[in-house]
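Asker: Following this message is one structure expressed as structure tokens.
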Amino acid sequence: MTRDPHVEDAPDSALPALLVRPPWAGGIREPVVLKLKASREPTVVRWAPGQREKWLEAPYEYSLERLPEDTDWDELAAFFGGDQALELWKPRDWPSRSRFERLFVGLVMQAPREFGEKLLADERYWDAFTDFSNLGADRGAVARHEMAAYPLVMHQLKKKSWGVYPLAPFLDHAVAQGMIKSFDEHGSNPVQDGWFDLHGVDAVRLVIPDTLRKPGPKRERAEAVLRSVAERHGHDVIADAARHYGDEAVQAVSGLRTDPLDVYPDPLPDLPEGWDPERLPRILLRGRRQALSSSATRHLLTMLSISERWRPYPGVPLVTAALDPESLAEFAWALYEADRHPKLWAFPGVQYLLAEHGDDRTADRLAPIVERWSRAYVWAAGGQSALHLFGRLGTDSALRHLDRLANKANDEKWIRKYARKALESAAEERGLTQEQLADRLVPDLGLDADGSLTLDYGPRRFVVGFDEELKPFVTDQNGKPRKTLPKPGANDDGTLAPAAYQRFTDLKKQARTVTADQTKRLEAAMATGRTWAAEEFTALFLGHPLMRTIARRLVWSAGADAFRVAEDGTLADVRDDAFTLPGDARVALPHPLVLGEDAVRAWAAILADYEILQPFPQLGRPVHTLQDDERDGDRLRRFEGATVHFGRILGLTSRGWELGEKETGGFRRQVMRVTPDERHVMVAFEPGIRVFDPEEHAEQHIERVMLMTGRHSGKPFAFGELDPVTASEILTDLHRLTE
């Protein structure tokens, strides 16, 4: 552990008690075993306020319709009293089964009570009832008939793992056993919690014997039940319930592990090899004047070693609240690097610590790693959990990483998908669309308002600026141009100069990334006809040191008027006269089809005069139109029959197209594009691209090029109904594919 001579180890009195003496420090206590006779009182029925009324409507929550009021209930009861009804319950005959369910539920819920009670008691129908698709039928039966429905729902409990749901109002030993049996290691569900909350001490009393039985899985689940109750209502409820069995039981339950802090494996696992407190960064307490000792750090490491990613050992959140956030984030990263998990992307406890206590620097380090993960690794190693860090931080820097992961991550199935969802949530919280959020996440790279950066070498200073292609240029402090930034010399400051030189190296890389990403975004905005409010355009483009440079190389429009951004940041029209942007205007990047041929020629001449090269083809963009015989149809037959290399198909994915789902044999046989108005263009090809060996069938034959109303509709849609710009962009991509 690297020692800072100015920071002392904190005394035990200054530390959270768990870091001084954790529960396992006193050794493992032997469990007390008592042979108690379980209570066998008659079944009690209780209802929470409003619960019964709600359950009476449960069978009809979705699509089930009530039977007509004039139904002949005697005839229907006779139908179920005979053998004909069971003929309806045929395997895989869903219409017949659906009719059976409707008639059964109608007789139980709508007929005079005696008919429903007789049907519920008929054991011939119990197995069929257990398989009902209507998940509210059991609750409705219990709400209307109470104890008359009890035998049926107890039978259901034996058949279905979720059979505890309709048992909430009932209290007896058998129901308690069902609650214990369905209580897993991850804790209760709302139904179980509600049952114990409703029946209180009476319910807990029925569990006490199983918590004091000989050690085994059932005792562990029973202890977990009491732990859940104690978390919500305190240990006194458990002690009150135990008094029913005498003082010895009260004493025994006092030693149960009802405190979540007392739940840990026996024996404790060995710490991973690299988790040596002496080799890890020190963790400071808040205030940064004292640090954890090696002993306290080891206790924290033990807590992390028994933590799960989504369920850390309960002591971890308690102790981390007292620690300095910055040093804790650094400690978490050091743990990640120290000893990687053999199967997961990080040990579960480290995943938790990184996600919950990592900072922006952690995100900067982790994002490039996550971006490179393959789909197979993400699936096997649980890589989705890493994205929680970026979403939790919610800072512009973290969201920039999410935006890049959503578009650039190698794993499209999980990382890109989860990153997009996280961005959707972040945009919704800010009241923005995803495109608007992405606009606001463009980094300024620390540049001054004029787009420059001063680098300090101590005795020397240099100014870095960017040309129109966002390539950096350097001038010295006297304004004299230099080919590049010089390496630090002997006379330069030993600290400032190396840091400034590294800053320049990073800046070049960052500028290339920003330029590529934003160029792609703006080209897509032009193709889809996206617009910005005048206020947004001014802030996001004219006021941004990098985006202003890109914006100068494009032609913009406000309604019917086109303009450009001049070198001094002012606006000019095609005659090079000053242009004033109306406050209520919507600004767009006009496609050449929108500008028209004359305007395209005029603007091309202006940009040529100023020797401006556009960042992507705008004025020189290919323009294509549909042929007359294609406008009314849903097929583009001129491209069908072409043979293309699979690489050209894959290349479409960089232009907004998506490959279809993997089919039998591991082949993909479609590439698709969703238009701005949600239409679905699909190119089908054979024999298909094999995912694991695309070279196996290098040449692909274009079978069909079709347009449908939506991604999943399958209904044909005429190409002539598309916006001309959208049609031109699709045709351009298809020409590139087949030429």
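Quick note on naming: the chains in the structure tokens go A, B, ... in the order shown, residues restart at 1 in each chain, and ligands are numbered from 1 in order of appearance.
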Can you list, as a list in words, every protein, DNA or RNA residue that comes within 12 Å of Pro481 (chain A) when you count only C-alpha atoms, leaving out same-chain residues fewer than 6 positions away?
Answerer: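 With the cut-off at 12 Å, the set is Phe462, Val463, Val464, Gly465, Pro472, Phe473, Val474 and Thr475 of chain A.
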Asker: Write to file, as an mmCIF file, in the first residue's frame, the residues of the selection just made, with N, CA and C atoms.
Answerer:
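Contents of the output file part23.cif:
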```cif
data_model
loop_
_atom_site.group_PDB
_atom_site.id
_atom_site.type_symbol
_atom_site.label_atom_id
_atom_site.label_comp_id
_atom_site.auth_asym_id
_atom_site.auth_seq_id
_atom_site.Cartn_x
_atom_site.Cartn_y
_atom_site.Cartn_z
ATOM 1 N N PHE A 462 2.916 27.662 -26.273
ATOM 2 C CA PHE A 462 2.503 27.411 -27.647
ATOM 3 C C PHE A 462 0.980 27.441 -27.718
ATOM 4 N N VAL A 463 0.489 27.898 -28.858
ATOM 5 C CA VAL A 463 -0.956 27.967 -29.073
ATOM 6 C C VAL A 463 -1.329 26.959 -30.149
ATOM 7 N N VAL A 464 -2.301 26.104 -29.815
ATOM 8 C CA VAL A 464 -2.792 25.102 -30.759
ATOM 9 C C VAL A 464 -4.147 25.553 -31.278
ATOM 10 N N GLY A 465 -4.302 25.541 -32.583
ATOM 11 C CA GLY A 465 -5.581 25.833 -33.211
ATOM 12 C C GLY A 465 -5.949 24.714 -34.161
ATOM 13 N N PRO A 472 -4.897 19.917 -36.202
ATOM 14 C CA PRO A 472 -4.280 20.929 -35.355
ATOM 15 C C PRO A 472 -3.083 21.607 -36.027
ATOM 16 N N PHE A 473 -2.904 22.895 -35.752
ATOM 17 C CA PHE A 473 -1.687 23.604 -36.148
ATOM 18 C C PHE A 473 -1.158 24.334 -34.914
ATOM 19 N N VAL A 474 0.142 24.616 -34.927
ATOM 20 C CA VAL A 474 0.802 25.156 -33.737
ATOM 21 C C VAL A 474 1.520 26.456 -34.092
ATOM 22 N N THR A 475 1.393 27.442 -33.209
ATOM 23 C CA THR A 475 2.195 28.668 -33.309
ATOM 24 C C THR A 475 2.878 28.886 -31.966
#
```
Asker: If you run DSSP over the backbone, which residues in region 40-249 of chain A end up helix (DSSP H, G or I)? Put them as a VMD selection string.
Answerer: chain A and resid 51 to 56 58 to 60 73 to 81 85 to 88 94 to 109 113 to 120 123 to 130 137 to 148 150 to 159 165 to 167 173 to 181 190 to 211 217 to 233 236 to 245 247 to 249
Asker: Quick one: residues within 10 Å of Val263 (chain A), only C-alpha atoms, excluding same-chain residues fewer than 2 positions away - as a PyMOL selection string?
Answerer: chain A and resi 23-24+224+227+257-261+265-266+306+313-314
Asker: Please provide as a ChimeraX atom specification all residues within 9 Å of Thr362 (chain A), with the sequence filter that same-chain residues fewer than 5 positions apart are discarded (counting only C-alpha atoms).
Answerer: /A:329-330,332-333,354,367,389
Asker: Quick one: pull the distance between CA of Pro615 (chain A) and CA of Leu485 (chain A), Å, one decimal.
Answerer: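 If I compute the distance from CA of Pro615 (chain A) to CA of Leu485 (chain A), I get 25.4 Å.
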